[in-house]
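Asks: Quick one: structure below, then a few questions.
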Amino acid sequence: MIKQHYQSIVIQTVCSLLIPFIQLFALYVIIHGHYGPGGGFQGGVLLAVSIILQRLYLGSKISYRKFSPKMALAFGAIGMLIFGFAGVVPLAFGGAFLDYENLPIFWVHGAELRALGILIVEIGIGLAVFGTLVLIFDSLVGERW
Amino acid sequence: MIWQVDFWLLVILIITALVALSVHDLLAAVVALAAYSFFVALLFSQAGAIDVAFVEATLGAGISGVLFIVVLLLTRRRSED
């Protein structure tokens, strides 16, 4: 459907300037998620928006070479795995499911370990949402990978 | 909570929803739907639910508008009913 460059120098310049800032803001939202508003889901959506913007203005031919849908699939699977391991690993160390206090990170204790566990889960959720939304867009457009 | 702000946000919200339902040009309906979810986000943040407002602004006004427009490019632009 969208194969070529978008033929406008204004749109190309503005999009290529905007994408790194969207990604930086997305990382800020993910990392800062347990202190303020935001979190893994919103940050993942913002990351997916940056990739979708690149797909829209570069066209699928170049954009698939920069970030292929297989990479999006891998990111989604890795995020889901991170979430699953953060849930299951405390079970093996004597806690409940998603009980971050029993994560096997031995040099951090107590409340700090719980905050670190929340951060790990947020990163997992962010990667999973990012990969899934980019994949939804790609399969909706229906180009060949 | 300032009730005047709430009231006018709710009025604009209902107007954008009616516009999105009644217009025949589907691209205009998508734009009205994005405006609707942006006003929902404003209403949420006015009610103090910043997190939900953030989700609504990114998902409702950002991603779903793009997905609807992509679907619109695959079909016709005008509705027939």
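Please note that chains go A, B, ... in the order of the structure tokens, that every chain numbers its residues from 1, and that ligands are numbered from 1 in the order shown.
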Only residues of chain A matter here; which ones have an atom within 12 Å of chain B, counting only C-alpha atoms? Give them as a ChimeraX atom specification.

Replies: /A:1-2,22,26,29,33-53,55-56,129-130,133-142

Asks: Please list as a ChimeraX atom specification every residue within 12 Å of Val88 in chain A, counting only C-alpha atoms and excluding residues in the same chain fewer than 5 positions away.

Replies: /A:81-83,93-100,102-104,121

Asks: So that I have them on file, write out the residues from the current selection with N, CA, C and O atoms, as a PDB file, in the first residue's frame.

Replies:
ATOM      1  N   LEU A  81       8.483 -12.711  27.560  1.00  0.00           N
ATOM      2  CA  LEU A  81       9.343 -13.616  28.333  1.00  0.00           C
ATOM      3  C   LEU A  81       9.856 -12.939  29.595  1.00  0.00           C
ATOM      4  O   LEU A  81       9.920 -13.569  30.661  1.00  0.00           O
ATOM      5  N   ILE A  82      10.244 -11.639  29.472  1.00  0.00           N
ATOM      6  CA  ILE A  82      10.729 -10.918  30.653  1.00  0.00           C
ATOM      7  C   ILE A  82       9.639 -10.869  31.714  1.00  0.00           C
ATOM      8  O   ILE A  82       9.877 -11.135  32.900  1.00  0.00           O
ATOM      9  N   PHE A  83       8.401 -10.565  31.278  1.00  0.00           N
ATOM     10  CA  PHE A  83       7.291 -10.519  32.229  1.00  0.00           C
ATOM     11  C   PHE A  83       7.066 -11.881  32.870  1.00  0.00           C
ATOM     12  O   PHE A  83       6.902 -11.996  34.091  1.00  0.00           O
ATOM     13  N   PHE A  93      12.190 -19.243  44.259  1.00  0.00           N
ATOM     14  CA  PHE A  93      12.977 -18.807  45.415  1.00  0.00           C
ATOM     15  C   PHE A  93      12.097 -18.579  46.634  1.00  0.00           C
ATOM     16  O   PHE A  93      12.409 -17.776  47.502  1.00  0.00           O
ATOM     17  N   GLY A  94      10.963 -19.233  46.698  1.00  0.00           N
ATOM     18  CA  GLY A  94      10.184 -19.247  47.922  1.00  0.00           C
ATOM     19  C   GLY A  94       9.204 -18.117  48.096  1.00  0.00           C
ATOM     20  O   GLY A  94       8.814 -17.816  49.217  1.00  0.00           O
ATOM     21  N   GLY A  95       8.789 -17.479  47.001  1.00  0.00           N
ATOM     22  CA  GLY A  95       7.795 -16.428  47.137  1.00  0.00           C
ATOM     23  C   GLY A  95       6.525 -16.812  46.416  1.00  0.00           C
ATOM     24  O   GLY A  95       6.344 -17.958  46.015  1.00  0.00           O
ATOM     25  N   ALA A  96       5.644 -15.834  46.235  1.00  0.00           N
ATOM     26  CA  ALA A  96       4.429 -16.059  45.464  1.00  0.00           C
ATOM     27  C   ALA A  96       4.671 -15.604  44.028  1.00  0.00           C
ATOM     28  O   ALA A  96       5.740 -15.115  43.692  1.00  0.00           O
ATOM     29  N   PHE A  97       3.652 -15.771  43.160  1.00  0.00           N
ATOM     30  CA  PHE A  97       3.774 -15.317  41.772  1.00  0.00           C
ATOM     31  C   PHE A  97       3.866 -13.791  41.740  1.00  0.00           C
ATOM     32  O   PHE A  97       3.099 -13.097  42.405  1.00  0.00           O
ATOM     33  N   LEU A  98       4.843 -13.254  40.993  1.00  0.00           N
ATOM     34  CA  LEU A  98       5.119 -11.819  40.893  1.00  0.00           C
ATOM     35  C   LEU A  98       5.474 -11.193  42.242  1.00  0.00           C
ATOM     36  O   LEU A  98       5.231 -10.027  42.468  1.00  0.00           O
ATOM     37  N   ASP A  99       6.074 -11.985  43.131  1.00  0.00           N
ATOM     38  CA  ASP A  99       6.494 -11.476  44.442  1.00  0.00           C
ATOM     39  C   ASP A  99       7.939 -10.987  44.310  1.00  0.00           C
ATOM     40  O   ASP A  99       8.878 -11.752  44.483  1.00  0.00           O
ATOM     41  N   TYR A 100       8.094  -9.693  44.008  1.00  0.00           N
ATOM     42  CA  TYR A 100       9.421  -9.193  43.606  1.00  0.00           C
ATOM     43  C   TYR A 100      10.445  -9.288  44.724  1.00  0.00           C
ATOM     44  O   TYR A 100      11.628  -9.209  44.479  1.00  0.00           O
ATOM     45  N   ASN A 102      11.379 -11.708  46.362  1.00  0.00           N
ATOM     46  CA  ASN A 102      12.149 -12.943  46.305  1.00  0.00           C
ATOM     47  C   ASN A 102      12.891 -13.123  44.991  1.00  0.00           C
ATOM     48  O   ASN A 102      13.315 -14.234  44.678  1.00  0.00           O
ATOM     49  N   LEU A 103      13.054 -12.053  44.220  1.00  0.00           N
ATOM     50  CA  LEU A 103      13.868 -12.158  43.005  1.00  0.00           C
ATOM     51  C   LEU A 103      15.316 -12.439  43.393  1.00  0.00           C
ATOM     52  O   LEU A 103      15.798 -11.914  44.399  1.00  0.00           O
ATOM     53  N   PRO A 104      16.028 -13.264  42.627  1.00  0.00           N
ATOM     54  CA  PRO A 104      17.396 -13.624  43.018  1.00  0.00           C
ATOM     55  C   PRO A 104      18.427 -12.555  42.672  1.00  0.00           C
ATOM     56  O   PRO A 104      19.396 -12.823  41.971  1.00  0.00           O
ATOM     57  N   VAL A 121       9.347  -5.468  35.376  1.00  0.00           N
ATOM     58  CA  VAL A 121       8.053  -5.810  34.783  1.00  0.00           C
ATOM     59  C   VAL A 121       7.585  -4.735  33.811  1.00  0.00           C
ATOM     60  O   VAL A 121       7.039  -5.039  32.731  1.00  0.00           O
TER      61      VAL A 121
END

Asks: If we count only C-alpha atoms, what is near range 8-23 of chain B at a cut-off of 9 Å, once residues fewer than 6 positions away on the same chain are taken out, given as JSON, numbers by chain?

Replies: {"B": [29, 30, 31, 32, 33, 35, 36, 37, 39, 40, 42, 43, 79]}

Asks: Once DSSP has gone over the backbone, tell me which residues of chain B are in alpha helix (DSSP H), as a VMD selection string.

Replies: chain B and resid 3 to 22 26 to 46 50 to 55 64 to 74
